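Enquirer: Sharing a structure with you now.
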Protein chains: 2
Amino acid sequence: MTAESASPGRRGASPKGVARRQEIIDRAIEVFAQRGSDRTSLRAIASEVGVTHAALRHYFGSLEELLVEVYRQAQHDHAVALSAEMTPTELMRLSAERNREIPGLVQLYSTLVAAALEDDRPVARDFVAVRFERLREELAEQVRRTQASGRVRADVDPQEVAALVIAASDGLQSQWLLEPTLDHARILALLDRLLAP
Amino acid sequence: MTAESASPGRRGASPKGVARRQEIIDRAIEVFAQRGSDRTSLRAIASEVGVTHAALRHYFGSLEELLVEVYRQAQHDHAVALSAEMTPTELMRLSAERNREIPGLVQLYSTLVAAALEDDRPVARDFVAVRFERLREELAEQVRRTQASGRVRADVDPQEVAALVIAASDGLQSQWLLEPTLDHARILALLDRLLAP
């Protein structure tokens, strides 16, 4: 999707601090990329990044903020260029395929969504709530475009379709992580077929 | 859906131990029910249940096992009777509506799914993986039945539809928790309409 704006670090605003903060994020993205399709604990990943608890608090405030920043930047690097011709389902499918080049990212996303549903995780909650809202708006717009061009049936509500496509893609990723034979792309293609005129 | 068998406690197998274990589970279900629609941390819930770390380890091994047991039993109490006439989407919608009578349960479910995706959470992983597998089988069977009776279109693969309906319902619950105006039932009804012949 479109790039989400990177949040500036609340701490470490000196040039050296900014560089060190970015170094930690880059290293964390690398660790996620190297994980392959192994599931592993986020705590283990944090320790593998080699960031001490003191440095974590200094540069990010919490592990939660580091993880949000890792997801945001990794997502940005893998952003899918929006094409007016793509149906919303195709967009989510492409985006999911990109994410799987960093398999740890799919797991990280699930963890951020679960954290967002708890009351004491405001950073994750804001990030996920805003992401859902923007994505629903973007996809609803894409539904309208593809309805106009005749690729999506006209008798469906764009906002409802947007929420449905995001939900299907998110839910299928969770099932796929636990059952790798499950074909995420094929099932999203089924939804695409159901949405065709 | 159908009842999932309750796992016997690995510890506390004496009649008194079994009773105390069940007491903790009942209290935890009560706490979840009382939460209303407030999101709150699972740690806070554990402390509200009033179970000490020692008792938790003694009766359940870990917080993870207590949470799986709470979800399993609360789900069981709210199980939806399978009717041959219901489409898979109607079934998931009813099941989701039941779960919302215990709002903390929706949050707990998300947390269990996220935990299942980490490597060091075998209890959650086994529970969620088995739940997905059974639910996909049950719903695929329901797709076949409702295809035969003409309520679901014949040109779709029952197993793919099953995975899609579960994914949509799960994903919509997460979006709903962060945006309560999102109408889970209405959007699942849209999917039902797309699946009609």
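FYI, nothing fancy with the structure tokens labels: chains A, B, ... in order, residues from 1 per chain, ligands from 1 as they appear.
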Using only C-alpha atoms, I'd like every residue of chain B that has an atom within 7 Å of chain A; please write them out as a ChimeraX atom specification.

Expert: /B:39-41,107,110-111,114,117-120,129,160,164,167-168,170-172,177-178,187,194-195

Enquirer: Given the selection you just returned, output its residues as a file containing N, CA and C atoms, formatted as a PDB file, in the first residue's frame.

Expert:
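Result file follows (again.pdb):
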```
ATOM      1  N   ARG B  39     -11.038  -3.375  27.033  1.00  0.00           N
ATOM      2  CA  ARG B  39      -9.855  -4.172  26.762  1.00  0.00           C
ATOM      3  C   ARG B  39      -8.951  -4.012  27.971  1.00  0.00           C
ATOM      4  N   THR B  40      -8.321  -5.081  28.363  1.00  0.00           N
ATOM      5  CA  THR B  40      -7.418  -4.977  29.498  1.00  0.00           C
ATOM      6  C   THR B  40      -6.335  -6.030  29.355  1.00  0.00           C
ATOM      7  N   SER B  41      -5.245  -5.894  30.089  1.00  0.00           N
ATOM      8  CA  SER B  41      -4.146  -6.831  29.900  1.00  0.00           C
ATOM      9  C   SER B  41      -4.473  -8.174  30.539  1.00  0.00           C
ATOM     10  N   GLN B 107     -10.884 -11.056  22.849  1.00  0.00           N
ATOM     11  CA  GLN B 107      -9.505 -10.620  23.065  1.00  0.00           C
ATOM     12  C   GLN B 107      -8.608 -11.823  23.401  1.00  0.00           C
ATOM     13  N   SER B 110      -7.701 -13.778  20.279  1.00  0.00           N
ATOM     14  CA  SER B 110      -6.620 -13.135  19.522  1.00  0.00           C
ATOM     15  C   SER B 110      -5.262 -13.385  20.151  1.00  0.00           C
ATOM     16  N   THR B 111      -5.235 -13.299  21.477  1.00  0.00           N
ATOM     17  CA  THR B 111      -3.973 -13.503  22.177  1.00  0.00           C
ATOM     18  C   THR B 111      -3.493 -14.943  22.006  1.00  0.00           C
ATOM     19  N   ALA B 114      -2.048 -15.325  18.483  1.00  0.00           N
ATOM     20  CA  ALA B 114      -0.714 -14.719  18.389  1.00  0.00           C
ATOM     21  C   ALA B 114       0.314 -15.572  19.120  1.00  0.00           C
ATOM     22  N   LEU B 117       1.580 -18.559  17.251  1.00  0.00           N
ATOM     23  CA  LEU B 117       2.504 -18.327  16.143  1.00  0.00           C
ATOM     24  C   LEU B 117       3.948 -18.205  16.625  1.00  0.00           C
ATOM     25  N   GLU B 118       4.152 -18.238  17.952  1.00  0.00           N
ATOM     26  CA  GLU B 118       5.515 -18.209  18.479  1.00  0.00           C
ATOM     27  C   GLU B 118       5.960 -19.644  18.775  1.00  0.00           C
ATOM     28  N   ASP B 119       7.275 -19.838  18.760  1.00  0.00           N
ATOM     29  CA  ASP B 119       7.782 -21.195  18.866  1.00  0.00           C
ATOM     30  C   ASP B 119       7.756 -21.768  20.279  1.00  0.00           C
ATOM     31  N   ASP B 120       7.760 -20.894  21.269  1.00  0.00           N
ATOM     32  CA  ASP B 120       7.899 -21.401  22.638  1.00  0.00           C
ATOM     33  C   ASP B 120       6.550 -21.457  23.359  1.00  0.00           C
ATOM     34  N   ALA B 129      -3.957 -24.726  16.440  1.00  0.00           N
ATOM     35  CA  ALA B 129      -3.807 -25.483  15.191  1.00  0.00           C
ATOM     36  C   ALA B 129      -4.909 -26.540  15.076  1.00  0.00           C
ATOM     37  N   GLU B 160     -11.847 -24.569   0.641  1.00  0.00           N
ATOM     38  CA  GLU B 160     -11.398 -23.184   0.488  1.00  0.00           C
ATOM     39  C   GLU B 160     -12.418 -22.217   1.101  1.00  0.00           C
ATOM     40  N   LEU B 164     -11.819 -19.592   4.172  1.00  0.00           N
ATOM     41  CA  LEU B 164     -12.136 -18.178   3.922  1.00  0.00           C
ATOM     42  C   LEU B 164     -13.121 -17.622   4.950  1.00  0.00           C
ATOM     43  N   ALA B 167     -11.393 -17.237   8.328  1.00  0.00           N
ATOM     44  CA  ALA B 167     -10.455 -16.110   8.263  1.00  0.00           C
ATOM     45  C   ALA B 167     -11.201 -14.784   8.337  1.00  0.00           C
ATOM     46  N   ALA B 168     -12.273 -14.668   7.554  1.00  0.00           N
ATOM     47  CA  ALA B 168     -13.038 -13.419   7.535  1.00  0.00           C
ATOM     48  C   ALA B 168     -13.593 -13.122   8.920  1.00  0.00           C
ATOM     49  N   ASP B 170     -12.544 -14.236  11.910  1.00  0.00           N
ATOM     50  CA  ASP B 170     -11.450 -13.908  12.839  1.00  0.00           C
ATOM     51  C   ASP B 170     -10.936 -12.489  12.597  1.00  0.00           C
ATOM     52  N   GLY B 171     -10.667 -12.180  11.344  1.00  0.00           N
ATOM     53  CA  GLY B 171     -10.112 -10.871  11.011  1.00  0.00           C
ATOM     54  C   GLY B 171     -11.075  -9.745  11.362  1.00  0.00           C
ATOM     55  N   LEU B 172     -12.373  -9.986  11.120  1.00  0.00           N
ATOM     56  CA  LEU B 172     -13.356  -8.944  11.437  1.00  0.00           C
ATOM     57  C   LEU B 172     -13.473  -8.726  12.941  1.00  0.00           C
ATOM     58  N   LEU B 177     -12.836  -5.085  17.508  1.00  0.00           N
ATOM     59  CA  LEU B 177     -12.348  -4.724  18.845  1.00  0.00           C
ATOM     60  C   LEU B 177     -11.706  -3.338  18.846  1.00  0.00           C
ATOM     61  N   LEU B 178     -11.118  -2.945  17.723  1.00  0.00           N
ATOM     62  CA  LEU B 178     -10.458  -1.642  17.646  1.00  0.00           C
ATOM     63  C   LEU B 178     -11.389  -0.563  17.105  1.00  0.00           C
ATOM     64  N   ILE B 187     -21.082  -7.598   7.721  1.00  0.00           N
ATOM     65  CA  ILE B 187     -20.050  -7.888   6.720  1.00  0.00           C
ATOM     66  C   ILE B 187     -19.977  -9.394   6.461  1.00  0.00           C
ATOM     67  N   LEU B 194     -22.391 -13.250  -1.223  1.00  0.00           N
ATOM     68  CA  LEU B 194     -21.472 -13.553  -2.323  1.00  0.00           C
ATOM     69  C   LEU B 194     -21.415 -15.054  -2.599  1.00  0.00           C
ATOM     70  N   LEU B 195     -21.641 -15.837  -1.532  1.00  0.00           N
ATOM     71  CA  LEU B 195     -21.554 -17.301  -1.671  1.00  0.00           C
ATOM     72  C   LEU B 195     -22.870 -17.931  -2.134  1.00  0.00           C
TER      73      LEU B 195
END
```

Enquirer: Go through chain A and collect every residue that DSSP, computed from the backbone, puts in alpha helix (DSSP H); the answer should be as a PyMOL selection string.

Expert: chain A and resi 15-34+42-49+53-60+63-77+88-99+103-116+122-148+158-178+184-195

Enquirer: So the first atom is atom CA of B:Pro158 and the second is atom CA of B:Ala189; what is the distance between them in Å, to one decimal place?

Expert: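 Straight-line distance from atom CA of B:Pro158 to atom CA of B:Ala189 works out to 18.0 Å.
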
Enquirer: Go ahead and compute the interatomic distance for atom CA of A:Pro122 and atom CA of B:Phe127, in Å to one decimal.

Expert: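 Taking atom CA of A:Pro122 and atom CA of B:Phe127, their separation equals 28.3 Å.
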
Enquirer: Name the residues in contact with stretch 11-27 of chain A at a cut-off of 12 Å, using only C-alpha atoms, excluding same-chain residues fewer than 2 positions from it; report them as a compact mmCIF listing (two decimals) with N, CA, C and O atoms, in the first residue's frame.

Expert:
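Final output, saved to result06.txt:
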```txt
# COMPACT_ATOMS: atom_id res chain seq x y z
N ALA A 6 7.13 7.47 8.76
CA ALA A 6 7.93 6.97 9.87
C ALA A 6 7.83 7.95 11.02
O ALA A 6 7.87 9.16 10.82
N SER A 7 7.66 7.44 12.22
CA SER A 7 7.61 8.33 13.38
C SER A 7 9.02 8.63 13.82
O SER A 7 9.86 7.75 13.86
N PRO A 8 9.31 9.88 14.13
CA PRO A 8 10.66 10.20 14.61
C PRO A 8 10.86 9.61 16.00
O PRO A 8 9.90 9.42 16.73
N GLY A 9 12.07 9.28 16.33
CA GLY A 9 12.35 8.73 17.64
C GLY A 9 12.05 9.77 18.70
O GLY A 9 12.40 10.94 18.52
N ILE A 29 15.34 -5.84 11.58
CA ILE A 29 14.72 -6.27 10.31
C ILE A 29 15.52 -7.44 9.73
O ILE A 29 14.95 -8.42 9.25
N GLU A 30 16.87 -7.35 9.80
CA GLU A 30 17.73 -8.43 9.33
C GLU A 30 17.44 -9.74 10.07
O GLU A 30 17.35 -10.80 9.46
N VAL A 31 17.32 -9.63 11.40
CA VAL A 31 17.06 -10.82 12.21
C VAL A 31 15.73 -11.44 11.79
O VAL A 31 15.63 -12.66 11.62
N PHE A 32 14.72 -10.62 11.59
CA PHE A 32 13.42 -11.14 11.16
C PHE A 32 13.55 -11.83 9.80
O PHE A 32 13.00 -12.90 9.57
N ALA A 33 14.32 -11.21 8.89
CA ALA A 33 14.47 -11.77 7.54
C ALA A 33 15.18 -13.12 7.59
O ALA A 33 14.85 -14.04 6.85
N GLN A 34 16.17 -13.25 8.51
CA GLN A 34 16.95 -14.48 8.59
C GLN A 34 16.19 -15.63 9.22
O GLN A 34 16.59 -16.77 9.13
N ILE A 45 14.08 -12.93 19.60
CA ILE A 45 14.51 -12.02 18.54
C ILE A 45 15.17 -10.77 19.12
O ILE A 45 16.23 -10.35 18.68
N ALA A 46 14.56 -10.22 20.17
CA ALA A 46 15.13 -9.03 20.80
C ALA A 46 16.55 -9.31 21.29
O ALA A 46 17.47 -8.50 21.11
N SER A 47 16.73 -10.48 21.87
CA SER A 47 18.06 -10.78 22.40
C SER A 47 19.04 -11.00 21.25
O SER A 47 20.21 -10.67 21.33
N GLU A 48 18.53 -11.53 20.12
CA GLU A 48 19.40 -11.76 18.97
C GLU A 48 19.82 -10.44 18.31
O GLU A 48 20.87 -10.35 17.70
N VAL A 49 18.95 -9.46 18.41
CA VAL A 49 19.30 -8.14 17.86
C VAL A 49 20.45 -7.56 18.67
O VAL A 49 21.21 -6.72 18.18
N GLY A 50 20.62 -8.04 19.88
CA GLY A 50 21.75 -7.62 20.68
C GLY A 50 21.55 -6.25 21.31
O GLY A 50 22.50 -5.52 21.54
N VAL A 51 20.30 -5.89 21.56
CA VAL A 51 20.04 -4.60 22.18
C VAL A 51 19.75 -4.83 23.67
O VAL A 51 18.98 -5.71 24.03
N THR A 52 20.44 -4.10 24.51
CA THR A 52 20.24 -4.26 25.95
C THR A 52 18.93 -3.59 26.34
O THR A 52 18.39 -2.75 25.62
N ALA A 55 19.38 0.16 26.48
CA ALA A 55 19.41 0.82 25.16
C ALA A 55 18.01 0.85 24.56
O ALA A 55 17.61 1.85 23.94
N LEU A 56 17.29 -0.24 24.75
CA LEU A 56 15.93 -0.32 24.23
C LEU A 56 15.07 0.81 24.82
O LEU A 56 14.37 1.52 24.10
N ARG A 57 15.17 0.98 26.13
CA ARG A 57 14.38 2.02 26.81
C ARG A 57 14.84 3.41 26.36
O ARG A 57 14.02 4.30 26.19
N HIS A 58 16.15 3.53 26.18
CA HIS A 58 16.69 4.83 25.79
C HIS A 58 16.22 5.25 24.39
O HIS A 58 15.76 6.36 24.17
N TYR A 59 16.33 4.34 23.44
CA TYR A 59 16.04 4.70 22.04
C TYR A 59 14.57 4.54 21.65
O TYR A 59 14.11 5.17 20.72
N PHE A 60 13.86 3.64 22.32
CA PHE A 60 12.49 3.36 21.88
C PHE A 60 11.42 3.48 22.96
O PHE A 60 10.25 3.52 22.65
N GLY A 61 11.83 3.50 24.22
CA GLY A 61 10.84 3.52 25.27
C GLY A 61 10.45 2.11 25.69
O GLY A 61 10.37 1.81 26.87
N SER A 62 10.22 1.23 24.71
CA SER A 62 9.81 -0.15 25.03
C SER A 62 10.04 -1.05 23.83
O SER A 62 10.21 -0.58 22.70
N LEU A 63 9.99 -2.36 24.09
CA LEU A 63 10.10 -3.35 23.01
C LEU A 63 8.96 -3.14 22.00
O LEU A 63 9.13 -3.26 20.80
N GLU A 65 7.56 -0.39 21.07
CA GLU A 65 7.83 0.67 20.09
C GLU A 65 8.86 0.25 19.05
O GLU A 65 8.76 0.61 17.88
N LEU A 66 9.86 -0.53 19.50
CA LEU A 66 10.83 -1.05 18.53
C LEU A 66 10.11 -1.92 17.50
O LEU A 66 10.33 -1.80 16.29
N LEU A 67 9.22 -2.79 17.98
CA LEU A 67 8.55 -3.72 17.07
C LEU A 67 7.64 -2.99 16.08
O LEU A 67 7.60 -3.33 14.90
N VAL A 68 6.94 -1.97 16.57
CA VAL A 68 6.09 -1.18 15.67
C VAL A 68 6.96 -0.53 14.60
O VAL A 68 6.64 -0.53 13.41
N GLU A 69 8.12 0.01 15.01
CA GLU A 69 9.01 0.69 14.07
C GLU A 69 9.59 -0.30 13.05
O GLU A 69 9.69 -0.01 11.86
N VAL A 70 9.94 -1.50 13.52
CA VAL A 70 10.46 -2.55 12.63
C VAL A 70 9.40 -2.88 11.59
O VAL A 70 9.67 -2.93 10.39
N TYR A 71 8.17 -3.08 12.04
CA TYR A 71 7.09 -3.46 11.13
C TYR A 71 6.84 -2.34 10.12
O TYR A 71 6.73 -2.56 8.92
N ARG A 72 6.78 -1.11 10.62
CA ARG A 72 6.50 0.04 9.77
C ARG A 72 7.55 0.16 8.66
O ARG A 72 7.23 0.29 7.49
N GLN A 73 8.84 0.08 9.05
CA GLN A 73 9.90 0.28 8.05
C GLN A 73 10.02 -0.90 7.09
O GLN A 73 10.24 -0.72 5.90
N ALA A 74 9.86 -2.13 7.62
CA ALA A 74 9.95 -3.31 6.75
C ALA A 74 8.80 -3.29 5.74
O ALA A 74 8.98 -3.58 4.56
N ASP A 77 9.53 -0.71 3.02
CA ASP A 77 10.49 -1.21 2.03
C ASP A 77 9.83 -2.19 1.07
O ASP A 77 10.29 -2.38 -0.04
```
